[in-house]
Amino acid sequence: MTAFAPSLETIEHLVSRDRPVSAFIHDLDALDRHARGLVSALPPGAELFYAIKANSDPAILRTLAPIVAGFEVASAGEIRKAREAIGVGARIIMGGPARTATDFAAVIDHMVERVHIESIHLLHLANAVAESRNATLPILLRVNLSGPVPGATITMGGQPTQFGIDEAEIDEAVATLAVCPHLRFEGFHLHTVSNNLDAETHADFCLEALSRARRIADRHGLDLRVVNLGGGWGVDYARIDSLFDVDCLAGRLRDALEPGSPQIQFECGRIVAAYCAVYVSEVVDVKTNHGEAFALLRGGSHHFRLPSAWRHRHPFVVINRENWIWKWPRRGHTDCRVTVTGELCTPKDVLLEAEPLSALRIGDLVCFLLAGAYGWDISHHDFLSNAHPERIFLPARQVGADKEMNI
Ligand SMILES: *Cc1c(COP(=O)(O)O)cnc(C)c1O
């Protein structure tokens, strides 16, 4: 199985014993193996960067540093995180809309390799900052392709969004480059698709994007060195054993790339980090209200906002436990639909809705799988000021020891 799913013994061995369980547990060994698999599938001429917004913990960045080509960041804060975790050796590329002069100054100060520019105003601003520091900034133009874009399912382009420069405005953007001598055009950035589960349609998108990038460059006589096709390799939360078919995508790219083709870059977050972690939380109360069964966790959407943010059914396992320390009877639900909520004082704090469960009692654990990407990092941790979850990182060695003990 691709997804990390620790046993009760492993969980109890790792978490603090003096309080109800509430923890993210990461398996860095699994992350290492999984990321190596993704990278090794790619054809020569294609690079995989890690988009750190999915999970920017230093332990994750350090594990990935020897494996991925580098790190994609989307703020000055993320530049600092990557530099602090990895040092000056890390290759960093920066994207993101709504950039400011401070961001471009950070790009120069921290020796970011290339920055993706999303508007004509930002071309002028980046050029002005580079001029003031006597620097030249290598850039990609992020283009929002004119729709329809083949293969773009859940899109950030090919339709109205705040991202990128409208393909219809590319002529103006290229003309602007001519008055920005402190910028060096190196290619296009075409991140358009999010969580695409189908590698064939993703390949359709990539090949279409590549050919449009070539056409635009040819039309303007631009030297196209790099085409960044963004992230979006999908994670199927409904079928956790099925992996995005990287070999299929890589094969179709290999066929399309020829000597002299631009360097292809991907910057994936979700598929890299999702599988290596769980969010596990203890049931601290149960009740039936107006005929519906609820279980309340020590934690909730302020730790793990992904299920409510994506409004999807998140994969989980119930881990039943026997240790009941109180004098009164243990309450629970049996053979019914249970809504699993968190500890926040808002009805939005729902992690699972009306799940058919055979047994869930106070003291049992609910373990959310595939929790490594867009889990902790997108959540509103301090809303209501409950204690943060423990954040545990199993180094490769310790996981190995666990396996020998067969737990
Ligand atoms: C979020 C984002 C990514 C990463 O996307 P995943 O779906 O996590 O692979 C890459 N590039 C840009 C510009 C993004 O906004």
# chains A, B, ... in the order shown; residues from 1 in each chain; ligands from 1

$ residues_around --residues "Ile93 in chain A" --least-positions-apart "5" --cutoff "6 Å" --atoms "only C-alpha atoms" --output "JSON, numbers by chain"
{"A": [72, 112, 113, 114, 115]}

$ select_by_dssp --residues "range 127-355 of chain A" --states "helix (DSSP H, G or I)" --output "compact mmCIF listing (two decimals) with all heavy atoms, in the first residue's frame"
# COMPACT_ATOMS: atom_id res chain seq x y z
N ASN A 127 11.31 44.51 -12.59
CA ASN A 127 12.42 45.18 -13.28
C ASN A 127 12.96 46.35 -12.43
O ASN A 127 14.17 46.53 -12.30
CB ASN A 127 11.94 45.69 -14.64
CG ASN A 127 13.06 46.32 -15.44
OD1 ASN A 127 14.00 45.63 -15.82
ND2 ASN A 127 12.98 47.63 -15.67
N ALA A 128 12.04 47.12 -11.83
CA ALA A 128 12.47 48.28 -11.02
C ALA A 128 13.27 47.82 -9.80
O ALA A 128 14.31 48.42 -9.47
CB ALA A 128 11.24 49.09 -10.58
N VAL A 129 12.80 46.74 -9.15
CA VAL A 129 13.53 46.25 -7.97
C VAL A 129 14.91 45.71 -8.39
O VAL A 129 15.93 45.98 -7.73
CB VAL A 129 12.71 45.16 -7.24
CG1 VAL A 129 13.53 44.53 -6.11
CG2 VAL A 129 11.40 45.73 -6.71
N ALA A 130 14.93 44.97 -9.50
CA ALA A 130 16.21 44.43 -9.97
C ALA A 130 17.17 45.56 -10.33
O ALA A 130 18.37 45.51 -10.00
CB ALA A 130 15.98 43.51 -11.17
N GLU A 131 16.64 46.61 -10.96
CA GLU A 131 17.48 47.74 -11.34
C GLU A 131 18.06 48.40 -10.09
O GLU A 131 19.26 48.71 -10.03
CB GLU A 131 16.66 48.76 -12.15
CG GLU A 131 17.49 49.94 -12.61
CD GLU A 131 16.68 50.91 -13.50
OE1 GLU A 131 15.43 50.78 -13.55
OE2 GLU A 131 17.31 51.76 -14.13
N SER A 132 17.22 48.57 -9.06
CA SER A 132 17.69 49.25 -7.85
C SER A 132 18.78 48.45 -7.15
O SER A 132 19.55 48.98 -6.37
CB SER A 132 16.51 49.51 -6.89
OG SER A 132 16.12 48.28 -6.29
N GLU A 167 -3.76 35.00 -22.15
CA GLU A 167 -3.03 34.72 -23.40
C GLU A 167 -3.25 35.84 -24.42
O GLU A 167 -2.36 36.16 -25.20
CB GLU A 167 -3.50 33.37 -23.99
CG GLU A 167 -2.59 32.86 -25.09
CD GLU A 167 -2.94 31.44 -25.58
OE1 GLU A 167 -3.77 30.76 -24.96
OE2 GLU A 167 -2.35 31.03 -26.59
N ALA A 168 -4.43 36.48 -24.37
CA ALA A 168 -4.72 37.58 -25.30
C ALA A 168 -3.84 38.81 -25.04
O ALA A 168 -3.74 39.69 -25.89
CB ALA A 168 -6.20 37.96 -25.20
N GLU A 169 -3.21 38.88 -23.85
CA GLU A 169 -2.36 40.04 -23.52
C GLU A 169 -0.86 39.75 -23.67
O GLU A 169 -0.02 40.54 -23.25
CB GLU A 169 -2.62 40.49 -22.08
CG GLU A 169 -3.87 41.33 -21.94
CD GLU A 169 -3.95 42.01 -20.57
OE1 GLU A 169 -2.93 42.10 -19.86
OE2 GLU A 169 -5.05 42.42 -20.22
N ILE A 170 -0.55 38.59 -24.23
CA ILE A 170 0.85 38.19 -24.31
C ILE A 170 1.66 39.16 -25.18
O ILE A 170 2.82 39.48 -24.87
CB ILE A 170 0.97 36.74 -24.83
CG1 ILE A 170 0.60 35.79 -23.70
CG2 ILE A 170 2.36 36.43 -25.32
CD1 ILE A 170 1.47 35.92 -22.47
N ASP A 171 1.04 39.65 -26.25
CA ASP A 171 1.78 40.60 -27.10
C ASP A 171 2.23 41.80 -26.29
O ASP A 171 3.37 42.26 -26.39
CB ASP A 171 0.90 41.06 -28.27
CG ASP A 171 0.59 39.91 -29.24
OD1 ASP A 171 1.13 38.80 -29.01
OD2 ASP A 171 -0.16 40.13 -30.20
N GLU A 172 1.32 42.30 -25.47
CA GLU A 172 1.66 43.46 -24.64
C GLU A 172 2.74 43.11 -23.60
O GLU A 172 3.66 43.89 -23.33
CB GLU A 172 0.40 43.99 -23.94
CG GLU A 172 0.62 45.31 -23.23
CD GLU A 172 -0.60 45.79 -22.45
OE1 GLU A 172 -1.71 45.23 -22.62
OE2 GLU A 172 -0.42 46.72 -21.64
N ALA A 173 2.64 41.90 -23.04
CA ALA A 173 3.64 41.48 -22.05
C ALA A 173 5.02 41.37 -22.70
O ALA A 173 6.02 41.81 -22.12
CB ALA A 173 3.22 40.14 -21.43
N VAL A 174 5.05 40.82 -23.91
CA VAL A 174 6.35 40.68 -24.59
C VAL A 174 6.91 42.07 -24.95
O VAL A 174 8.11 42.33 -24.79
CB VAL A 174 6.20 39.79 -25.85
CG1 VAL A 174 7.49 39.79 -26.67
CG2 VAL A 174 5.86 38.36 -25.43
N ALA A 175 6.03 42.96 -25.36
CA ALA A 175 6.48 44.33 -25.66
C ALA A 175 7.02 44.99 -24.38
O ALA A 175 8.01 45.73 -24.42
CB ALA A 175 5.31 45.15 -26.23
N THR A 176 6.41 44.70 -23.25
CA THR A 176 6.88 45.26 -21.97
C THR A 176 8.28 44.75 -21.62
O THR A 176 9.12 45.49 -21.10
CB THR A 176 5.87 44.91 -20.84
OG1 THR A 176 4.58 45.32 -21.24
CG2 THR A 176 6.25 45.58 -19.54
N LEU A 177 8.51 43.47 -21.94
CA LEU A 177 9.84 42.90 -21.67
C LEU A 177 10.94 43.74 -22.32
O LEU A 177 12.05 43.88 -21.77
CB LEU A 177 9.93 41.48 -22.23
CG LEU A 177 9.34 40.36 -21.37
CD1 LEU A 177 9.39 39.06 -22.16
CD2 LEU A 177 10.13 40.22 -20.07
N ALA A 199 -3.73 10.51 -15.82
CA ALA A 199 -2.44 10.86 -16.43
C ALA A 199 -2.56 11.10 -17.93
O ALA A 199 -1.83 11.92 -18.48
CB ALA A 199 -1.42 9.76 -16.14
N GLU A 200 -3.48 10.38 -18.59
CA GLU A 200 -3.65 10.60 -20.05
C GLU A 200 -4.12 12.03 -20.31
O GLU A 200 -3.57 12.72 -21.17
CB GLU A 200 -4.69 9.63 -20.63
CG GLU A 200 -4.23 8.20 -20.78
CD GLU A 200 -3.25 7.96 -21.94
OE1 GLU A 200 -2.91 8.92 -22.67
OE2 GLU A 200 -2.83 6.80 -22.09
N THR A 201 -5.15 12.47 -19.59
CA THR A 201 -5.63 13.83 -19.86
C THR A 201 -4.59 14.85 -19.39
O THR A 201 -4.47 15.92 -19.97
CB THR A 201 -6.98 14.13 -19.18
OG1 THR A 201 -6.85 13.97 -17.79
CG2 THR A 201 -8.08 13.25 -19.70
N HIS A 202 -3.82 14.50 -18.35
CA HIS A 202 -2.77 15.43 -17.93
C HIS A 202 -1.70 15.54 -19.01
O HIS A 202 -1.18 16.63 -19.28
CB HIS A 202 -2.16 15.01 -16.60
CG HIS A 202 -1.54 16.16 -15.87
ND1 HIS A 202 -2.28 17.19 -15.33
CD2 HIS A 202 -0.24 16.51 -15.66
CE1 HIS A 202 -1.48 18.09 -14.80
NE2 HIS A 202 -0.24 17.70 -14.98
N ALA A 203 -1.40 14.41 -19.64
CA ALA A 203 -0.44 14.44 -20.76
C ALA A 203 -1.01 15.27 -21.91
O ALA A 203 -0.28 16.05 -22.53
CB ALA A 203 -0.12 13.02 -21.21
N ASP A 204 -2.32 15.12 -22.18
CA ASP A 204 -2.95 15.96 -23.22
C ASP A 204 -2.71 17.44 -22.90
O ASP A 204 -2.32 18.22 -23.77
CB ASP A 204 -4.48 15.75 -23.28
CG ASP A 204 -4.86 14.37 -23.79
OD1 ASP A 204 -4.00 13.71 -24.40
OD2 ASP A 204 -6.02 13.97 -23.58
N PHE A 205 -2.96 17.80 -21.64
CA PHE A 205 -2.76 19.19 -21.23
C PHE A 205 -1.30 19.61 -21.42
O PHE A 205 -1.01 20.67 -21.98
CB PHE A 205 -3.19 19.40 -19.76
CG PHE A 205 -2.54 20.59 -19.14
CD1 PHE A 205 -2.91 21.88 -19.52
CD2 PHE A 205 -1.52 20.44 -18.21
CE1 PHE A 205 -2.27 22.98 -18.99
CE2 PHE A 205 -0.88 21.53 -17.67
CZ PHE A 205 -1.25 22.82 -18.07
N CYS A 206 -0.40 18.77 -20.95
CA CYS A 206 1.03 19.15 -21.00
C CYS A 206 1.50 19.35 -22.45
O CYS A 206 2.21 20.31 -22.75
CB CYS A 206 1.89 18.07 -20.33
SG CYS A 206 1.67 18.02 -18.54
N LEU A 207 1.09 18.44 -23.33
CA LEU A 207 1.55 18.55 -24.72
C LEU A 207 0.92 19.75 -25.41
O LEU A 207 1.59 20.45 -26.18
CB LEU A 207 1.24 17.25 -25.48
CG LEU A 207 1.94 16.01 -24.91
CD1 LEU A 207 1.69 14.79 -25.79
CD2 LEU A 207 3.44 16.22 -24.72
N GLU A 208 -0.34 20.02 -25.09
CA GLU A 208 -1.00 21.21 -25.64
C GLU A 208 -0.30 22.48 -25.13
O GLU A 208 0.00 23.40 -25.90
CB GLU A 208 -2.48 21.20 -25.22
CG GLU A 208 -3.23 22.49 -25.47
CD GLU A 208 -3.60 22.71 -26.93
OE1 GLU A 208 -3.46 21.76 -27.73
OE2 GLU A 208 -4.01 23.84 -27.26
N ALA A 209 -0.01 22.51 -23.83
CA ALA A 209 0.62 23.69 -23.24
C ALA A 209 2.01 23.90 -23.85
O ALA A 209 2.40 25.03 -24.17
CB ALA A 209 0.72 23.52 -21.71
N LEU A 210 2.73 22.80 -24.02
CA LEU A 210 4.07 22.88 -24.61
C LEU A 210 4.00 23.43 -26.03
O LEU A 210 4.79 24.31 -26.41
CB LEU A 210 4.69 21.48 -24.59
CG LEU A 210 6.13 21.33 -25.01
CD1 LEU A 210 7.05 22.21 -24.16
CD2 LEU A 210 6.56 19.86 -24.88
N SER A 211 3.04 22.95 -26.81
CA SER A 211 3.00 23.42 -28.20
C SER A 211 2.54 24.88 -28.25
O SER A 211 3.02 25.66 -29.07
CB SER A 211 2.17 22.48 -29.08
OG SER A 211 0.82 22.80 -29.01
N ARG A 212 1.64 25.27 -27.35
CA ARG A 212 1.25 26.69 -27.35
C ARG A 212 2.43 27.57 -26.93
O ARG A 212 2.63 28.66 -27.46
CB ARG A 212 0.08 26.92 -26.40
CG ARG A 212 -1.21 26.37 -26.97
CD ARG A 212 -2.37 27.17 -26.44
NE ARG A 212 -3.56 26.34 -26.38
CZ ARG A 212 -4.72 26.74 -25.89
NH1 ARG A 212 -4.84 27.95 -25.38
NH2 ARG A 212 -5.75 25.94 -25.88
N ALA A 213 3.20 27.11 -25.95
CA ALA A 213 4.37 27.88 -25.51
C ALA A 213 5.34 28.08 -26.68
O ALA A 213 5.87 29.17 -26.90
CB ALA A 213 5.07 27.17 -24.35
N ARG A 214 5.53 26.99 -27.44
CA ARG A 214 6.44 27.09 -28.61
C ARG A 214 5.91 28.08 -29.64
O ARG A 214 6.67 28.87 -30.20
CB ARG A 214 6.59 25.71 -29.26
CG ARG A 214 7.51 24.80 -28.49
CD ARG A 214 7.68 23.52 -29.29
NE ARG A 214 8.86 22.81 -28.86
CZ ARG A 214 8.87 21.51 -28.55
NH1 ARG A 214 7.76 20.80 -28.61
NH2 ARG A 214 9.98 20.92 -28.18
N ARG A 215 4.60 28.00 -29.88
CA ARG A 215 4.01 28.90 -30.89
C ARG A 215 4.17 30.36 -30.48
O ARG A 215 4.53 31.21 -31.29
CB ARG A 215 2.51 28.58 -31.09
CG ARG A 215 2.26 27.43 -32.05
CD ARG A 215 0.90 27.55 -32.73
NE ARG A 215 -0.21 27.60 -31.79
CZ ARG A 215 -0.79 26.51 -31.25
NH1 ARG A 215 -0.34 25.32 -31.54
NH2 ARG A 215 -1.80 26.65 -30.41
N ILE A 216 3.89 30.64 -29.20
CA ILE A 216 4.00 32.03 -28.74
C ILE A 216 5.45 32.50 -28.87
O ILE A 216 5.73 33.60 -29.36
CB ILE A 216 3.52 32.18 -27.27
CG1 ILE A 216 2.05 31.75 -27.13
CG2 ILE A 216 3.69 33.62 -26.79
CD1 ILE A 216 1.58 31.61 -25.69
N ALA A 217 6.38 31.64 -28.46
CA ALA A 217 7.80 32.02 -28.52
C ALA A 217 8.23 32.26 -29.97
O ALA A 217 8.91 33.24 -30.28
CB ALA A 217 8.66 30.94 -27.87
N ASP A 218 7.81 31.35 -30.86
CA ASP A 218 8.18 31.51 -32.28
C ASP A 218 7.63 32.81 -32.85
O ASP A 218 8.34 33.54 -33.55
CB ASP A 218 7.61 30.34 -33.11
CG ASP A 218 8.39 29.06 -32.87
OD1 ASP A 218 9.46 29.15 -32.23
OD2 ASP A 218 7.94 27.99 -33.30
N ARG A 219 6.37 33.09 -32.51
CA ARG A 219 5.73 34.28 -33.06
C ARG A 219 6.50 35.54 -32.67
O ARG A 219 6.55 36.51 -33.41
CB ARG A 219 4.28 34.35 -32.57
CG ARG A 219 3.42 35.29 -33.36
CD ARG A 219 1.94 35.14 -33.02
NE ARG A 219 1.63 35.68 -31.72
CZ ARG A 219 0.92 35.05 -30.79
NH1 ARG A 219 0.48 33.84 -31.00
NH2 ARG A 219 0.67 35.63 -29.64
N HIS A 220 7.09 35.52 -31.47
CA HIS A 220 7.77 36.72 -30.98
C HIS A 220 9.29 36.62 -31.08
O HIS A 220 10.00 37.49 -30.58
CB HIS A 220 7.38 36.99 -29.53
CG HIS A 220 5.93 37.38 -29.39
ND1 HIS A 220 5.48 38.65 -29.65
CD2 HIS A 220 4.85 36.66 -29.03
CE1 HIS A 220 4.17 38.70 -29.44
NE2 HIS A 220 3.76 37.50 -29.08
N VAL A 246 2.40 8.08 -13.42
CA VAL A 246 3.51 8.94 -13.85
C VAL A 246 4.20 8.36 -15.08
O VAL A 246 4.66 9.09 -15.96
CB VAL A 246 4.54 9.15 -12.72
CG1 VAL A 246 5.61 10.15 -13.14
CG2 VAL A 246 3.85 9.64 -11.47
N ASP A 247 4.26 7.03 -15.16
CA ASP A 247 4.92 6.40 -16.31
C ASP A 247 4.20 6.76 -17.62
O ASP A 247 4.84 6.97 -18.64
CB ASP A 247 4.96 4.88 -16.15
CG ASP A 247 5.92 4.47 -15.05
OD1 ASP A 247 6.90 5.20 -14.83
OD2 ASP A 247 5.67 3.43 -14.41
N CYS A 248 2.88 6.83 -17.54
CA CYS A 248 2.10 7.20 -18.74
C CYS A 248 2.43 8.63 -19.15
O CYS A 248 2.75 8.90 -20.31
CB CYS A 248 0.62 7.02 -18.43
SG CYS A 248 -0.48 7.93 -19.53
N LEU A 249 2.37 9.55 -18.18
CA LEU A 249 2.69 10.95 -18.47
C LEU A 249 4.11 11.06 -19.01
O LEU A 249 4.37 11.73 -20.03
CB LEU A 249 2.52 11.80 -17.21
CG LEU A 249 2.99 13.24 -17.31
CD1 LEU A 249 2.19 14.03 -18.33
CD2 LEU A 249 2.91 13.93 -15.93
N ALA A 250 5.04 10.38 -18.34
CA ALA A 250 6.45 10.47 -18.72
C ALA A 250 6.67 9.91 -20.13
O ALA A 250 7.42 10.48 -20.92
CB ALA A 250 7.32 9.73 -17.71
N GLY A 251 5.98 8.82 -20.44
CA GLY A 251 6.13 8.20 -21.75
C GLY A 251 5.68 9.14 -22.86
O GLY A 251 6.36 9.29 -23.89
N ARG A 252 4.55 9.77 -22.65
CA ARG A 252 4.04 10.67 -23.69
C ARG A 252 4.92 11.92 -23.81
O ARG A 252 5.08 12.46 -24.91
CB ARG A 252 2.59 11.00 -23.42
CG ARG A 252 1.74 9.74 -23.61
CD ARG A 252 0.28 9.99 -23.87
NE ARG A 252 -0.06 11.11 -24.68
CZ ARG A 252 -1.19 11.80 -24.55
NH1 ARG A 252 -2.07 11.45 -23.62
NH2 ARG A 252 -1.44 12.83 -25.31
N LEU A 253 5.48 12.36 -22.71
CA LEU A 253 6.41 13.50 -22.78
C LEU A 253 7.68 13.11 -23.52
O LEU A 253 8.18 13.87 -24.35
CB LEU A 253 6.81 13.93 -21.37
CG LEU A 253 6.01 15.01 -20.68
CD1 LEU A 253 6.64 15.27 -19.32
CD2 LEU A 253 5.99 16.29 -21.51
N ARG A 254 8.17 11.91 -23.18
CA ARG A 254 9.42 11.44 -23.81
C ARG A 254 9.25 11.45 -25.33
O ARG A 254 10.15 11.88 -26.06
CB ARG A 254 9.74 10.03 -23.29
CG ARG A 254 11.11 9.52 -23.68
CD ARG A 254 11.41 8.16 -23.06
NE ARG A 254 11.65 8.23 -21.63
CZ ARG A 254 10.89 7.66 -20.69
NH1 ARG A 254 9.83 6.96 -21.05
NH2 ARG A 254 11.18 7.79 -19.43
N ASP A 255 8.08 10.99 -25.80
CA ASP A 255 7.84 10.94 -27.24
C ASP A 255 7.82 12.34 -27.85
O ASP A 255 8.15 12.52 -29.02
CB ASP A 255 6.49 10.26 -27.53
CG ASP A 255 6.52 8.79 -27.14
OD1 ASP A 255 7.65 8.26 -26.98
OD2 ASP A 255 5.44 8.19 -26.99
N ALA A 256 7.39 13.34 -27.05
CA ALA A 256 7.22 14.68 -27.60
C ALA A 256 8.51 15.51 -27.51
O ALA A 256 8.66 16.50 -28.23
CB ALA A 256 6.10 15.41 -26.88
N ARG A 270 0.95 18.18 -3.90
CA ARG A 270 0.06 17.16 -3.33
C ARG A 270 0.59 15.75 -3.50
O ARG A 270 0.68 14.99 -2.55
CB ARG A 270 -1.32 17.28 -4.00
CG ARG A 270 -2.38 16.41 -3.38
CD ARG A 270 -3.69 16.51 -4.15
NE ARG A 270 -4.14 17.87 -4.29
CZ ARG A 270 -4.89 18.52 -3.38
NH1 ARG A 270 -5.28 17.89 -2.29
NH2 ARG A 270 -5.25 19.77 -3.58
N ILE A 271 0.95 15.38 -4.75
CA ILE A 271 1.31 13.97 -4.97
C ILE A 271 2.59 13.60 -4.24
O ILE A 271 2.80 12.45 -3.88
CB ILE A 271 1.43 13.65 -6.47
CG1 ILE A 271 1.39 12.13 -6.67
CG2 ILE A 271 2.69 14.27 -7.07
CD1 ILE A 271 1.30 11.69 -8.10
N VAL A 272 3.44 14.60 -3.99
CA VAL A 272 4.70 14.31 -3.30
C VAL A 272 4.45 14.03 -1.82
O VAL A 272 4.92 13.04 -1.27
CB VAL A 272 5.70 15.48 -3.47
CG1 VAL A 272 7.00 15.20 -2.71
CG2 VAL A 272 5.98 15.76 -4.95
N ALA A 273 3.66 14.90 -1.19
CA ALA A 273 3.59 14.87 0.29
C ALA A 273 2.38 14.14 0.86
O ALA A 273 2.37 13.78 2.03
CB ALA A 273 3.62 16.30 0.82
N ALA A 274 1.33 13.92 0.05
CA ALA A 274 0.07 13.43 0.63
C ALA A 274 0.23 12.10 1.35
O ALA A 274 -0.28 11.92 2.46
CB ALA A 274 -0.99 13.30 -0.47
N TYR A 275 0.91 11.15 0.73
CA TYR A 275 0.83 9.76 1.18
C TYR A 275 1.60 9.47 2.46
O TYR A 275 1.38 8.44 3.08
CB TYR A 275 1.35 8.83 0.07
CG TYR A 275 0.49 8.86 -1.18
CD1 TYR A 275 0.80 9.69 -2.25
CD2 TYR A 275 -0.66 8.09 -1.26
CE1 TYR A 275 0.00 9.73 -3.38
CE2 TYR A 275 -1.47 8.12 -2.39
CZ TYR A 275 -1.14 8.95 -3.45
OH TYR A 275 -1.93 8.99 -4.56
N CYS A 276 2.51 10.36 2.84
CA CYS A 276 3.48 9.99 3.88
C CYS A 276 3.00 10.30 5.29
O CYS A 276 3.76 10.09 6.24
CB CYS A 276 4.81 10.68 3.63
SG CYS A 276 4.78 12.45 4.02
N LEU A 306 -8.45 19.97 5.34
CA LEU A 306 -8.58 19.47 3.97
C LEU A 306 -9.97 18.92 3.64
O LEU A 306 -10.55 19.29 2.62
CB LEU A 306 -7.48 18.44 3.69
CG LEU A 306 -7.49 17.79 2.32
CD1 LEU A 306 -7.35 18.81 1.21
CD2 LEU A 306 -6.36 16.77 2.21
N PRO A 307 -10.56 18.03 4.48
CA PRO A 307 -11.88 17.50 4.09
C PRO A 307 -12.93 18.59 3.94
O PRO A 307 -13.73 18.54 2.99
CB PRO A 307 -12.25 16.56 5.25
CG PRO A 307 -10.97 16.25 5.93
CD PRO A 307 -10.06 17.42 5.73
N SER A 308 -12.94 19.60 4.82
CA SER A 308 -13.96 20.64 4.66
C SER A 308 -13.58 21.60 3.54
O SER A 308 -14.46 22.09 2.81
CB SER A 308 -14.22 21.38 5.98
OG SER A 308 -13.03 21.82 6.55
N ALA A 309 -12.29 21.86 3.33
CA ALA A 309 -11.89 22.76 2.25
C ALA A 309 -12.25 22.16 0.88
O ALA A 309 -12.70 22.87 -0.01
CB ALA A 309 -10.40 23.04 2.32
N TRP A 310 -12.03 20.87 0.73
CA TRP A 310 -12.30 20.22 -0.56
C TRP A 310 -13.70 19.62 -0.62
O TRP A 310 -14.10 19.09 -1.63
CB TRP A 310 -11.24 19.13 -0.85
CG TRP A 310 -10.04 19.74 -1.48
CD1 TRP A 310 -9.17 20.60 -0.89
CD2 TRP A 310 -9.60 19.59 -2.83
NE1 TRP A 310 -8.21 20.99 -1.79
CE2 TRP A 310 -8.45 20.37 -2.99
CE3 TRP A 310 -10.06 18.86 -3.92
CZ2 TRP A 310 -7.77 20.45 -4.20
CZ3 TRP A 310 -9.38 18.93 -5.13
CH2 TRP A 310 -8.23 19.73 -5.25

$ atom_distance --atom1 "CA of His388 in chain A" --atom2 "CA of Glu343 in chain A"
11.9 Å

$ closest_residue --among "A:Lys287, A:His116, A:Arg298, A:His314" --to "ligand 1" --atoms "only C-alpha atoms and all ligand atoms"
A:His116

$ residues_near_ligand --ligand "ligand 1" --cutoff "7 Å" --atoms "only C-alpha atoms and all ligand atoms" --output "VMD selection string"
chain A and resid 51 53 to 54 95 to 96 191 194 to 195 230 to 234 267 to 271

$ residues_around --residues "Leu296 in chain A" --least-positions-apart "6" --cutoff "6 Å" --atoms "only C-alpha atoms" --output "CSV table (one decimal) with all heavy atoms, in the first residue's frame"
chain,number,residue,atom,x,y,z
A,283,VAL,N,-11.4,10.1,20.0
A,283,VAL,CA,-12.8,10.5,20.3
A,283,VAL,C,-12.9,10.8,21.8
A,283,VAL,O,-12.5,10.0,22.6
A,283,VAL,CB,-13.7,9.3,20.0
A,283,VAL,CG1,-15.2,9.6,20.3
A,283,VAL,CG2,-13.6,8.9,18.5
A,284,VAL,N,-13.3,12.1,22.0
A,284,VAL,CA,-13.4,12.5,23.4
A,284,VAL,C,-14.8,12.6,23.9
A,284,VAL,O,-15.1,12.7,25.1
A,284,VAL,CB,-12.7,13.9,23.7
A,284,VAL,CG1,-11.1,13.7,23.5
A,284,VAL,CG2,-13.1,15.0,22.8
A,285,ASP,N,-15.8,12.5,23.0
A,285,ASP,CA,-17.2,12.4,23.4
A,285,ASP,C,-18.0,11.9,22.3
A,285,ASP,O,-17.6,12.0,21.1
A,285,ASP,CB,-17.7,13.8,23.9
A,285,ASP,CG,-18.9,13.7,24.8
A,285,ASP,OD1,-19.3,12.6,25.1
A,285,ASP,OD2,-19.4,14.8,25.3
A,340,VAL,N,-18.5,12.8,12.4
A,340,VAL,CA,-17.3,13.0,13.2
A,340,VAL,C,-16.9,14.4,13.1
A,340,VAL,O,-16.7,14.9,12.0
A,340,VAL,CB,-16.2,12.0,12.7
A,340,VAL,CG1,-14.9,12.3,13.6
A,340,VAL,CG2,-16.6,10.6,12.9
A,341,THR,N,-16.9,15.1,14.2
A,341,THR,CA,-16.6,16.5,14.3
A,341,THR,C,-15.4,16.8,15.1
A,341,THR,O,-14.9,15.9,15.8
A,341,THR,CB,-17.8,17.3,14.9
A,341,THR,OG1,-17.8,17.1,16.3
A,341,THR,CG2,-19.1,16.9,14.3
A,342,GLY,N,-15.0,18.1,15.1
A,342,GLY,CA,-13.9,18.5,16.0
A,342,GLY,C,-14.4,19.2,17.2
A,342,GLY,O,-15.5,19.1,17.6

$ closest_residue --among "A:Thr288, A:Ala371, A:Glu282, A:Asp349" --to "Val21 in chain A" --atoms "only C-alpha atoms"
A:Glu282

$ atom_distance --atom1 "CA of Asp382 in chain A" --atom2 "CA of Ile319 in chain A"
27.2 Å

$ closest_residue --among "A:Arg305, A:Glu258, A:Leu351, A:Glu292" --to "Cys336 in chain A" --atoms "only C-alpha atoms"
A:Glu292

$ closest_residue --among "A:Val68, A:Arg62, A:Ala105, A:Pro389" --to "Ala85 in chain A" --atoms "only C-alpha atoms"
A:Arg62

$ select_by_dssp --residues "range 15-215 of chain A" --states "strand (DSSP E)" --output "MDAnalysis selection string"
chainID A and resid 22:27 46:51 70:73 92:94 114:117 137:144 165:166 183:189

$ atom_distance --atom1 "CA of Leu14 in chain A" --atom2 "CA of Pro395 in chain A"
12.2 Å

$ residues_around --residues "range 353-356 of chain A" --least-positions-apart "4" --cutoff "8 Å" --atoms "only C-alpha atoms" --output "list in words"
Ala293, Arg313, Asp335, Cys336, Arg337, Val338, Thr339 and Val340 of chain A

$ residues_around --residues "Ser119 in chain A" --least-positions-apart "4" --cutoff "9 Å" --atoms "only C-alpha atoms" --output "PyMOL selection string"
chain A and resi 97-98+123+141-143+163-166+173

$ residues_around --residues "Gly260 in chain A" --least-positions-apart "2" --cutoff "10 Å" --atoms "only C-alpha atoms" --output "PyMOL selection string"
chain A and resi 45+224-225+257-258+262-263

$ residues_around --residues "Glu84 in chain A" --least-positions-apart "6" --cutoff "10 Å" --atoms "only C-alpha atoms" --output "list in words"
Pro58, Leu61, Glu78 and Ala90 of chain A

$ closest_residue --among "A:Glu118, A:Met111, A:Ile60, A:Glu12" --to "Arg80 in chain A" --atoms "only C-alpha atoms"
A:Met111
